[in-house]
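Next comes my_file-v7.cif, with mmCIF, C-alpha atoms and all ligand atoms.
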```cif
data_work
#
loop_
_atom_site.label_atom_id
_atom_site.label_comp_id
_atom_site.auth_asym_id
_atom_site.auth_seq_id
_atom_site.Cartn_x
_atom_site.Cartn_y
_atom_site.Cartn_z
CA MET A 1 0.00 0.00 0.00
CA PHE A 2 1.16 3.58 -0.75
CA PRO A 3 0.63 6.51 1.62
CA PRO A 4 -2.10 8.96 0.36
CA SER A 5 0.38 11.63 -0.83
CA SER A 6 2.13 9.09 -3.00
CA LEU A 7 -1.25 7.96 -4.32
CA LEU A 8 -1.99 11.53 -5.55
CA ALA A 9 1.51 11.89 -6.99
CA ARG A 10 1.09 8.70 -8.93
CA ARG A 11 -2.24 9.74 -10.52
CA PRO A 12 -2.02 10.18 -14.29
CA PRO A 13 -2.36 13.87 -15.38
CA GLN A 14 -5.65 13.17 -17.19
CA ALA A 15 -7.22 11.85 -14.00
CA LEU A 16 -6.17 14.96 -12.06
CA ALA A 17 -7.64 17.25 -14.73
CA ALA A 18 -10.88 15.31 -14.64
CA ARG A 19 -10.94 15.66 -10.86
CA TRP A 20 -10.57 19.45 -11.09
CA PHE A 21 -13.23 19.63 -13.78
CA SER A 22 -15.57 17.65 -11.56
CA ALA A 23 -14.90 20.02 -8.68
CA ILE A 24 -15.61 23.09 -10.84
CA ALA A 25 -18.76 21.51 -12.24
CA LEU A 26 -19.91 20.68 -8.73
CA ALA A 27 -19.28 24.26 -7.56
CA ALA A 28 -21.21 25.62 -10.55
CA MET A 29 -24.11 23.29 -9.83
CA VAL A 30 -24.15 24.36 -6.18
CA ALA A 31 -24.14 28.02 -7.25
CA LEU A 32 -26.91 27.38 -9.76
CA LEU A 33 -28.96 25.62 -7.13
CA GLY A 34 -28.46 28.62 -4.86
CA VAL A 35 -29.74 30.99 -7.55
CA LEU A 36 -32.67 28.70 -8.32
CA SER A 37 -33.65 28.42 -4.67
CA ALA A 38 -33.54 32.21 -4.28
CA VAL A 39 -36.15 32.63 -7.04
CA PRO A 40 -39.58 31.48 -5.90
CA SER A 41 -41.10 29.22 -8.49
CA PRO A 42 -44.80 28.44 -8.60
CA GLY A 43 -45.65 25.28 -6.73
CA ALA A 44 -42.25 24.94 -5.07
CA ALA A 45 -41.74 25.74 -1.40
CA PRO A 46 -38.79 28.07 -0.98
CA PRO A 47 -36.89 27.84 2.30
CA ALA A 48 -37.89 30.21 5.11
CA SER A 49 -35.78 33.37 5.11
CA ALA A 50 -34.38 32.73 8.57
CA GLY A 51 -34.13 29.00 8.03
CA THR A 52 -37.06 28.35 10.38
CA ALA A 53 -40.69 27.55 9.78
CA ALA A 54 -43.56 29.72 10.93
CA ILE A 55 -45.46 28.21 13.85
CA ILE A 56 -49.24 28.18 14.02
CA ALA A 57 -50.11 27.63 17.67
CA VAL A 58 -53.16 27.34 19.91
CA ASP A 59 -52.95 29.99 22.65
CA THR A 60 -55.24 28.79 25.43
CA ASP A 61 -55.14 32.04 27.43
CA VAL A 62 -56.10 35.06 25.38
CA ALA A 63 -55.68 37.38 28.39
CA ALA A 64 -52.01 36.59 29.02
CA ASP A 65 -49.06 37.69 26.91
CA GLY A 66 -47.38 34.99 24.87
CA VAL A 67 -48.63 31.57 23.90
CA GLN A 68 -50.00 29.39 26.71
CA PRO A 69 -50.24 25.76 25.55
CA THR A 70 -52.28 24.72 28.61
CA THR A 71 -54.73 26.64 30.80
CA ALA A 72 -57.17 25.49 33.48
CA TYR A 73 -60.77 26.65 33.34
CA ARG A 74 -63.91 25.91 35.30
CA ALA A 75 -65.71 23.02 33.65
CA ASP A 76 -68.95 25.04 33.96
CA ALA A 77 -67.55 28.16 32.27
CA SER A 78 -70.12 29.63 29.90
CA ALA A 79 -67.54 30.29 27.17
CA ILE A 80 -63.80 29.90 26.70
CA ASP A 81 -61.93 31.80 24.00
CA VAL A 82 -58.71 30.52 22.48
CA ASP A 83 -56.56 32.22 19.88
CA VAL A 84 -54.88 30.57 16.93
CA VAL A 85 -51.70 32.57 16.52
CA VAL A 86 -48.75 32.57 14.16
CA THR A 87 -45.17 33.29 15.12
CA GLY A 88 -42.37 33.85 12.65
CA ALA A 89 -44.65 34.46 9.67
CA ASP A 90 -42.75 35.35 6.47
CA ALA A 91 -44.75 37.90 4.48
CA ILE A 92 -47.84 35.75 4.34
CA GLY A 93 -50.85 36.43 2.16
CA ALA A 94 -52.89 33.46 3.31
CA PHE A 95 -53.25 30.85 6.04
CA GLU A 96 -55.26 27.77 6.79
CA PHE A 97 -55.62 25.58 9.84
CA GLU A 98 -57.83 22.73 10.97
CA VAL A 99 -58.47 22.12 14.67
CA PHE A 100 -59.77 18.86 16.08
CA PHE A 101 -61.64 18.91 19.42
CA ASP A 102 -63.41 16.26 21.50
CA PRO A 103 -67.15 16.99 21.12
CA SER A 104 -67.89 15.16 24.39
CA LEU A 105 -65.85 17.81 26.22
CA LEU A 106 -66.36 20.93 24.11
CA GLU A 107 -69.07 22.59 22.08
CA PHE A 108 -67.87 24.94 19.34
CA LEU A 109 -69.64 28.30 19.65
CA GLY A 110 -68.09 30.40 16.92
CA TRP A 111 -65.04 32.15 15.56
CA GLU A 112 -63.80 35.47 14.29
CA GLU A 113 -60.81 36.45 12.18
CA GLY A 114 -57.80 37.89 13.97
CA PRO A 115 -56.08 41.12 12.95
CA PHE A 116 -52.78 39.69 11.71
CA LEU A 117 -53.40 38.72 8.08
CA GLY A 118 -54.86 42.11 7.16
CA SER A 119 -52.41 44.08 9.31
CA THR A 120 -50.46 45.43 6.34
CA GLY A 121 -53.57 46.74 4.65
CA ARG A 122 -54.38 43.81 2.36
CA ALA A 123 -58.08 42.94 2.08
CA THR A 124 -58.86 39.51 3.50
CA ALA A 125 -61.53 36.91 2.91
CA CYS A 126 -62.14 33.79 4.99
CA GLY A 127 -64.05 30.56 4.77
CA PRO A 128 -64.85 28.23 7.65
CA LEU A 129 -65.70 24.55 7.44
CA VAL A 130 -67.13 23.25 10.72
CA THR A 131 -68.01 19.66 11.61
CA ALA A 132 -69.02 18.07 14.93
CA SER A 133 -65.37 17.72 15.93
CA THR A 134 -63.32 19.93 13.61
CA VAL A 135 -63.02 23.58 12.64
CA LEU A 136 -61.19 24.42 9.43
CA ILE A 137 -60.57 28.08 8.72
CA GLY A 138 -58.77 29.44 5.69
CA CYS A 139 -58.20 33.11 5.02
CA GLY A 140 -56.53 34.71 2.02
CA THR A 141 -55.70 38.05 0.49
CA SER A 142 -55.75 38.96 -3.17
CA GLY A 143 -53.66 41.02 -5.55
CA PRO A 144 -49.92 41.55 -5.91
CA PRO A 145 -47.94 43.52 -3.36
CA PRO A 146 -47.91 46.26 -2.24
CA PRO A 147 -49.18 46.08 0.41
CA LEU A 148 -46.75 43.36 1.44
CA GLY A 149 -47.83 40.21 3.24
CA ALA A 150 -47.85 40.15 7.04
CA THR A 151 -44.56 39.30 8.76
CA GLY A 152 -43.86 38.35 12.35
CA ASP A 153 -46.27 37.29 15.09
CA GLY A 154 -49.99 37.80 15.49
CA THR A 155 -53.45 36.40 15.93
CA LEU A 156 -54.99 34.58 12.98
CA ALA A 157 -58.36 33.74 14.51
CA ARG A 158 -60.22 33.50 17.80
CA LEU A 159 -62.30 30.40 18.50
CA SER A 160 -64.96 30.15 21.21
CA PHE A 161 -65.96 26.94 22.98
CA ARG A 162 -68.30 25.97 25.81
CA PRO A 163 -67.24 23.10 28.08
CA ARG A 164 -69.60 20.13 28.17
CA SER A 165 -67.93 18.18 30.98
CA PRO A 166 -64.72 18.10 33.02
CA GLY A 167 -61.57 16.67 31.49
CA GLU A 168 -58.52 17.55 29.48
CA ALA A 169 -59.77 18.97 26.20
CA CYS A 170 -56.95 19.25 23.71
CA LEU A 171 -57.20 21.30 20.55
CA LEU A 172 -55.17 19.45 17.95
CA LEU A 173 -54.05 21.17 14.77
CA LEU A 174 -54.59 18.54 12.08
CA GLN A 175 -53.15 20.77 9.40
CA VAL A 176 -51.56 24.20 9.21
CA GLU A 177 -50.43 26.26 6.27
CA THR A 178 -49.13 29.72 5.49
CA ALA A 179 -48.53 30.98 1.98
CA SER A 180 -46.91 33.96 0.29
CA VAL A 181 -48.98 36.67 -1.39
CA PHE A 182 -48.45 34.69 -4.62
CA GLY A 183 -49.95 31.57 -3.07
CA ASP A 184 -46.70 29.66 -2.61
CA ALA A 185 -46.79 27.46 0.48
CA LEU A 186 -44.29 28.43 3.18
CA PRO A 187 -42.76 26.12 5.80
CA THR A 188 -45.22 25.98 8.69
CA THR A 189 -45.41 23.81 11.78
CA ALA A 190 -48.14 23.33 14.40
CA GLN A 191 -48.30 23.62 18.18
CA ASN A 192 -51.38 22.19 19.90
CA GLY A 193 -53.05 23.46 23.06
CA CYS A 194 -55.08 21.90 25.87
CA LEU A 195 -57.84 23.17 28.15
CA ASP A 196 -57.89 21.64 31.63
CA LEU A 197 -61.61 21.70 32.41
CA SER A 198 -61.74 21.51 36.18
CA PRO A 199 -64.86 20.32 38.08
CA ASP A 200 -66.17 21.56 41.43
CA SER A 201 -66.06 18.19 43.18
CA ASP A 202 -67.26 19.34 46.61
CA GLY A 203 -69.90 21.72 45.28
CA ASP A 204 -68.79 24.76 47.26
CA GLY A 205 -68.66 27.02 44.19
CA CYS A 206 -64.90 26.86 43.58
CA SER A 207 -63.39 24.50 41.01
CA ASN A 208 -60.79 21.99 42.14
CA HIS A 209 -58.19 24.00 40.26
CA GLN A 210 -59.27 27.23 41.96
CA GLU A 211 -59.12 25.57 45.39
CA MET A 212 -55.63 24.24 44.76
CA GLY A 213 -54.42 27.71 43.82
CA THR A 214 -52.24 29.75 46.12
CA ASN A 215 -54.40 32.87 46.35
CA PRO A 216 -57.20 32.64 48.99
CA PRO A 217 -59.20 35.60 47.57
CA LEU A 218 -59.42 33.63 44.31
CA GLY A 219 -60.60 30.51 46.14
CA GLY A 220 -57.10 29.14 46.69
CA MET A 221 -55.41 27.35 49.60
CA ARG A 222 -58.55 25.28 50.10
CA ASP A 223 -59.53 21.61 49.93
CA PRO A 224 -61.35 20.44 46.78
CA ALA A 225 -63.00 17.75 48.92
CA ASP A 226 -64.19 20.08 51.73
CA ARG A 227 -67.40 21.89 50.88
CA TRP A 228 -67.27 24.00 54.04
CA ASP A 229 -64.05 25.94 53.39
CA PHE A 230 -65.69 28.54 51.11
CA TYR A 231 -68.17 30.61 53.14
CA ASP A 232 -70.65 31.33 50.34
CA VAL A 233 -74.15 30.90 51.80
CA PRO A 234 -77.73 31.50 50.63
CA ALA A 235 -78.16 35.26 50.85
CA PRO A 236 -80.24 37.00 51.96
CA ALA A 237 -80.72 34.70 54.94
CA LEU A 238 -83.33 31.98 54.43
CA GLY A 239 -86.23 32.91 56.70
CA PRO A 240 -89.99 33.25 56.87
CA ALA A 241 -89.73 36.62 55.11
CA ASP A 242 -87.51 35.47 52.24
CA VAL A 243 -86.91 31.93 51.03
CA ASN A 244 -85.07 32.92 47.86
CA GLY A 245 -81.54 33.43 49.14
CA VAL A 246 -78.90 32.14 46.73
CA ARG A 247 -75.24 31.27 46.73
CA ASP A 248 -73.34 33.17 44.08
CA ARG A 249 -69.78 31.71 44.16
CA ALA A 250 -68.49 34.75 46.03
CA VAL A 251 -68.30 35.71 49.70
CA SER A 252 -69.60 39.25 50.18
CA LEU A 253 -70.94 41.27 53.09
CA SER A 254 -74.41 39.85 52.37
CA ASP A 255 -73.04 36.35 53.18
CA ALA A 256 -71.61 37.55 56.50
CA LEU A 257 -74.90 39.31 57.31
CA ALA A 258 -76.87 36.14 56.49
CA VAL A 259 -74.65 34.14 58.86
CA LEU A 260 -75.14 36.85 61.47
CA ALA A 261 -78.91 36.47 61.11
CA TYR A 262 -78.59 32.78 62.03
CA VAL A 263 -76.41 33.38 65.10
CA GLY A 264 -78.11 31.70 68.04
CA THR A 265 -79.64 28.84 66.05
CA ARG A 266 -78.54 25.32 66.87
CA ASP A 267 -79.31 21.79 65.70
CA GLY A 268 -82.55 20.69 67.42
CA GLY A 269 -83.02 24.09 69.04
CA PRO A 270 -86.05 26.40 68.83
CA PRO A 271 -86.36 29.20 66.27
CA THR A 272 -84.73 32.46 67.22
CA PRO A 273 -87.10 35.44 67.90
CA PRO A 274 -86.72 36.77 64.31
CA GLY A 275 -87.90 33.32 63.13
CA PHE A 276 -84.71 31.66 61.92
CA SER A 277 -84.58 27.93 62.55
CA TYR A 278 -81.56 25.58 62.26
CA ASN A 279 -83.66 22.62 61.17
CA SER A 280 -85.91 24.25 58.58
CA ASP A 281 -85.24 23.59 54.89
CA LEU A 282 -86.84 26.60 53.30
CA ASN A 283 -84.85 26.29 50.08
CA ALA A 284 -85.74 22.58 49.85
CA ASN A 285 -82.21 21.43 49.02
CA GLY A 286 -82.15 18.63 51.59
CA ILE A 287 -79.71 20.47 53.84
CA ALA A 288 -80.90 21.91 57.16
CA ASP A 289 -80.85 25.69 56.69
CA GLY A 290 -78.89 26.31 59.88
CA ARG A 291 -76.23 23.88 58.66
CA GLU A 292 -75.72 25.99 55.52
CA TYR A 293 -74.69 28.95 57.71
CA ASP A 294 -72.88 26.85 60.31
CA ARG A 295 -69.11 26.31 60.40
CA THR A 296 -66.34 25.63 62.86
CA PRO A 297 -63.95 28.60 63.02
CA SER A 298 -60.40 28.30 61.78
CA ALA A 299 -57.86 26.41 63.84
CA ASP A 300 -55.05 28.30 62.13
CA PRO A 301 -54.45 31.83 63.50
CA ALA A 302 -52.49 32.62 60.36
CA MET A 303 -55.58 31.84 58.24
CA PRO A 304 -58.57 33.06 60.29
CA TRP A 305 -60.73 32.80 57.16
CA ARG A 306 -60.28 29.04 56.96
CA SER A 307 -63.76 27.81 57.86
CA ARG A 308 -64.25 24.18 58.87
CA PRO A 309 -67.31 21.85 58.85
CA PRO A 310 -70.48 22.66 60.85
CA ASN A 311 -70.46 21.98 64.59
CA GLY A 312 -74.20 22.15 65.28
CA ALA A 313 -74.55 25.78 66.32
CA VAL A 314 -74.22 29.13 64.51
CA SER A 315 -72.15 31.45 66.66
CA LEU A 316 -70.81 34.97 66.46
CA GLN A 317 -67.43 33.36 65.71
CA ASP A 318 -68.99 31.86 62.57
CA ALA A 319 -70.10 35.32 61.45
CA MET A 320 -66.59 36.65 62.12
CA THR A 321 -65.12 33.81 60.07
CA ALA A 322 -67.47 34.65 57.19
CA LEU A 323 -66.48 38.31 57.54
CA SER A 324 -62.82 37.35 57.13
CA GLN A 325 -63.67 35.70 53.79
CA VAL A 326 -65.50 38.74 52.42
CA GLY A 327 -63.91 39.50 49.06
CA HIS A 328 -63.08 35.86 48.26
CA SER A 329 -64.58 34.94 44.90
CA CYS A 330 -64.63 31.96 42.53
CA LYS A 331 -66.72 33.74 39.90
CA GLY A 332 -63.91 33.79 37.36
CA ILE A 333 -63.83 31.14 34.63
CA ARG A 334 -60.22 30.27 35.50
CA CA W 401 -64.98 23.09 45.21
CA CA W 402 -63.65 23.23 49.14
CA CA W 403 -72.34 34.80 48.35
CA CA W 404 -81.56 24.18 53.17
#
```
Would you write out, as structure tokens, the structure that this file holds?
Amino acid sequence: MFPPSSLLARRPPQALAARWFSAIALAAMVALLGVLSAVPSPGAAPPASAGTAAIIAVDTDVAADGVQPTTAYRADASAIDVDVVVTGADAIGAFEFEVFFDPSLLEFLGWEEGPFLGSTGRATACGPLVTASTVLIGCGTSGPPPPLGATGDGTLARLSFRPRSPGEACLLLLQVETASVFGDALPTTAQNGCLDLSPDSDGDGCSNHQEMGTNPPLGGMRDPADRWDFYDVPAPALGPADVNGVRDRAVSLSDALAVLAYVGTRDGGPPTPPGFSYNSDLNANGIADGREYDRTPSADPAMPWRSRPPNGAVSLQDAMTALSQVGHSCKGIR
């Protein structure tokens, strides 16, 4: 065997010339390919300018900056909006996406176009195609530039759903596409999103997710299996004069006043002079009325608001405990 340098030295001159010719031809072909790839040709997908594809993503929290792939909501929320957004768009003149959702968990309510596609002043037109479990939306613009296509990040469309039952409801992008103003497809990838539809297992008005939060005024630092830790009671107080008191998923002064009205009632005891009775069931919900206003005060001095299960008598301490929860609310959909 010869060492490599000797191998080259021993090559016939014709072979060396052919090698150089091959190298030049290869360089020319590479250059030609570069020129060809820089000129968009109909039907061919040119590479993204920055070497990356645009991303069409499901943003599950329209109120927060950035794209949230997962957000928890109350499973009984009346409506949940999600945005379909694009990041890294490269002068697009059209887009299309198709979202799959589980119809046992979500009902599709409607959609509206986002501001991004028309943000450079191009007129847009959209068409939806909705089935029981999919939403396909395509929007395009017409005419040559100017105006240029939209570049960067923005909202393509907002979709609205109503939860049907608790569970993890994922919104899966079955297909995504962006295209130049000439209709050439551009590299585009998808990012799905999921809605964590949280139930209210103990029926106290706060969802499990809200109770496991860290903010007591938003229902947090509670037990999703303890229905007595959120002091929302039928208000005004259930009594001979008014049997229509309701719980409203928030603790307000009217809750504390309703508890105050029941102070002095006890399980098996007589009605108080104003006519409030522990063992009546004026709202016919199967729970003794006094029990609805009854709690055991907090055992934690650091959390005086932390009400515990009924102890058979409504006391002034109960009313004070309710007062310390005034302002706590689980009315939000999150
Ligand atoms: Ca709850
Ligand atoms: Ca609870
Ligand atoms: Ca209330
Ligand atoms: Ca009752």
ask   = Using only C-alpha atoms and all ligand atoms, what are the residues with an atom within 12 Å of ligand CA 403 (chain W), set out as an MDAnalysis selection string?
value = chainID A and resid 204:206 230:237 245:259 292:293 322:323 325:331
Could you write those residues out with C-alpha atoms, as a PDB file, in the coordinates of the input?
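New file selection.pdb:
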```pdb
ATOM      1  CA  ASP A 204     -68.790  24.760  47.260  1.00  0.00           C
ATOM      2  CA  GLY A 205     -68.660  27.020  44.190  1.00  0.00           C
ATOM      3  CA  CYS A 206     -64.900  26.860  43.580  1.00  0.00           C
ATOM      4  CA  PHE A 230     -65.690  28.540  51.110  1.00  0.00           C
ATOM      5  CA  TYR A 231     -68.170  30.610  53.140  1.00  0.00           C
ATOM      6  CA  ASP A 232     -70.650  31.330  50.340  1.00  0.00           C
ATOM      7  CA  VAL A 233     -74.150  30.900  51.800  1.00  0.00           C
ATOM      8  CA  PRO A 234     -77.730  31.500  50.630  1.00  0.00           C
ATOM      9  CA  ALA A 235     -78.160  35.260  50.850  1.00  0.00           C
ATOM     10  CA  PRO A 236     -80.240  37.000  51.960  1.00  0.00           C
ATOM     11  CA  ALA A 237     -80.720  34.700  54.940  1.00  0.00           C
ATOM     12  CA  GLY A 245     -81.540  33.430  49.140  1.00  0.00           C
ATOM     13  CA  VAL A 246     -78.900  32.140  46.730  1.00  0.00           C
ATOM     14  CA  ARG A 247     -75.240  31.270  46.730  1.00  0.00           C
ATOM     15  CA  ASP A 248     -73.340  33.170  44.080  1.00  0.00           C
ATOM     16  CA  ARG A 249     -69.780  31.710  44.160  1.00  0.00           C
ATOM     17  CA  ALA A 250     -68.490  34.750  46.030  1.00  0.00           C
ATOM     18  CA  VAL A 251     -68.300  35.710  49.700  1.00  0.00           C
ATOM     19  CA  SER A 252     -69.600  39.250  50.180  1.00  0.00           C
ATOM     20  CA  LEU A 253     -70.940  41.270  53.090  1.00  0.00           C
ATOM     21  CA  SER A 254     -74.410  39.850  52.370  1.00  0.00           C
ATOM     22  CA  ASP A 255     -73.040  36.350  53.180  1.00  0.00           C
ATOM     23  CA  ALA A 256     -71.610  37.550  56.500  1.00  0.00           C
ATOM     24  CA  LEU A 257     -74.900  39.310  57.310  1.00  0.00           C
ATOM     25  CA  ALA A 258     -76.870  36.140  56.490  1.00  0.00           C
ATOM     26  CA  VAL A 259     -74.650  34.140  58.860  1.00  0.00           C
ATOM     27  CA  GLU A 292     -75.720  25.990  55.520  1.00  0.00           C
ATOM     28  CA  TYR A 293     -74.690  28.950  57.710  1.00  0.00           C
ATOM     29  CA  ALA A 322     -67.470  34.650  57.190  1.00  0.00           C
ATOM     30  CA  LEU A 323     -66.480  38.310  57.540  1.00  0.00           C
ATOM     31  CA  GLN A 325     -63.670  35.700  53.790  1.00  0.00           C
ATOM     32  CA  VAL A 326     -65.500  38.740  52.420  1.00  0.00           C
ATOM     33  CA  GLY A 327     -63.910  39.500  49.060  1.00  0.00           C
ATOM     34  CA  HIS A 328     -63.080  35.860  48.260  1.00  0.00           C
ATOM     35  CA  SER A 329     -64.580  34.940  44.900  1.00  0.00           C
ATOM     36  CA  CYS A 330     -64.630  31.960  42.530  1.00  0.00           C
ATOM     37  CA  LYS A 331     -66.720  33.740  39.900  1.00  0.00           C
TER      38      LYS A 331
END
```
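Counting from atom CA of A:Val67, the distance to atom CA of A:Thr151 is 17.5 Å.
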Env. residues ligand CA 401 (chain W) / 10 Å / only C-alpha atoms and all ligand atoms / as a PyMOL selection string = chain A and resi 198-212+219+222-230+249+330
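Residue neighbourhood of A:Gly269, excluding near-sequence residues (fewer than 4 positions): A:Gly264, A:Thr265, A:Ser277, A:Tyr278, A:Asn279, A:Gly312, A:Ala313, at 10 Å, using all atoms listed in the file.
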Find the spatial neighbours of A:Gly143, counting all atoms listed in the file, within a cut-off of 12 Å - ignore same-chain residues fewer than 4 positions away - and output them as a CSV table (one decimal) with C-alpha atoms, in the frame of the given file.
```
chain,number,residue,atom,x,y,z
A,93,GLY,CA,-50.8,36.4,2.2
A,94,ALA,CA,-52.9,33.5,3.3
A,121,GLY,CA,-53.6,46.7,4.6
A,122,ARG,CA,-54.4,43.8,2.4
A,123,ALA,CA,-58.1,42.9,2.1
A,124,THR,CA,-58.9,39.5,3.5
A,147,PRO,CA,-49.2,46.1,0.4
A,148,LEU,CA,-46.8,43.4,1.4
A,149,GLY,CA,-47.8,40.2,3.2
A,180,SER,CA,-46.9,34.0,0.3
A,181,VAL,CA,-49.0,36.7,-1.4
A,182,PHE,CA,-48.4,34.7,-4.6
A,183,GLY,CA,-50.0,31.6,-3.1
```
Could you give me stretch 80-95 of chain A completed to N, CA and C atoms, formatted as a CSV table (one decimal), in the frame of the given file?
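Here's the written file rebuild_2.csv:
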```csv
chain,number,residue,atom,x,y,z
A,80,ILE,N,-65.3,29.8,26.6
A,80,ILE,CA,-63.8,29.9,26.7
A,80,ILE,C,-63.3,30.3,25.3
A,81,ASP,N,-62.5,31.4,25.3
A,81,ASP,CA,-61.9,31.8,24.0
A,81,ASP,C,-60.5,31.3,23.9
A,82,VAL,N,-60.1,30.8,22.7
A,82,VAL,CA,-58.7,30.5,22.5
A,82,VAL,C,-58.3,31.2,21.2
A,83,ASP,N,-57.1,31.6,21.1
A,83,ASP,CA,-56.6,32.2,19.9
A,83,ASP,C,-55.7,31.2,19.1
A,84,VAL,N,-55.8,31.3,17.8
A,84,VAL,CA,-54.9,30.6,16.9
A,84,VAL,C,-53.9,31.6,16.4
A,85,VAL,N,-52.7,31.5,16.8
A,85,VAL,CA,-51.7,32.6,16.5
A,85,VAL,C,-50.6,32.0,15.6
A,86,VAL,N,-49.9,33.0,15.0
A,86,VAL,CA,-48.8,32.6,14.2
A,86,VAL,C,-47.5,33.3,14.7
A,87,THR,N,-46.4,32.6,14.8
A,87,THR,CA,-45.2,33.3,15.1
A,87,THR,C,-44.2,33.0,14.0
A,88,GLY,N,-43.4,34.0,13.7
A,88,GLY,CA,-42.4,33.8,12.6
A,88,GLY,C,-42.9,33.8,11.2
A,89,ALA,N,-44.1,34.5,11.0
A,89,ALA,CA,-44.6,34.5,9.7
A,89,ALA,C,-43.7,35.2,8.7
A,90,ASP,N,-43.7,34.8,7.5
A,90,ASP,CA,-42.8,35.4,6.5
A,90,ASP,C,-43.5,35.9,5.3
A,91,ALA,N,-44.0,37.2,5.5
A,91,ALA,CA,-44.8,37.9,4.5
A,91,ALA,C,-45.9,37.1,3.9
A,92,ILE,N,-46.8,36.6,4.8
A,92,ILE,CA,-47.8,35.8,4.3
A,92,ILE,C,-49.0,36.5,3.8
A,93,GLY,N,-49.6,35.9,2.8
A,93,GLY,CA,-50.8,36.4,2.2
A,93,GLY,C,-52.0,35.5,2.4
A,94,ALA,N,-51.8,34.4,3.1
A,94,ALA,CA,-52.9,33.5,3.3
A,94,ALA,C,-52.5,32.5,4.4
A,95,PHE,N,-53.5,31.9,5.1
A,95,PHE,CA,-53.2,30.8,6.0
A,95,PHE,C,-54.4,29.9,6.1
```
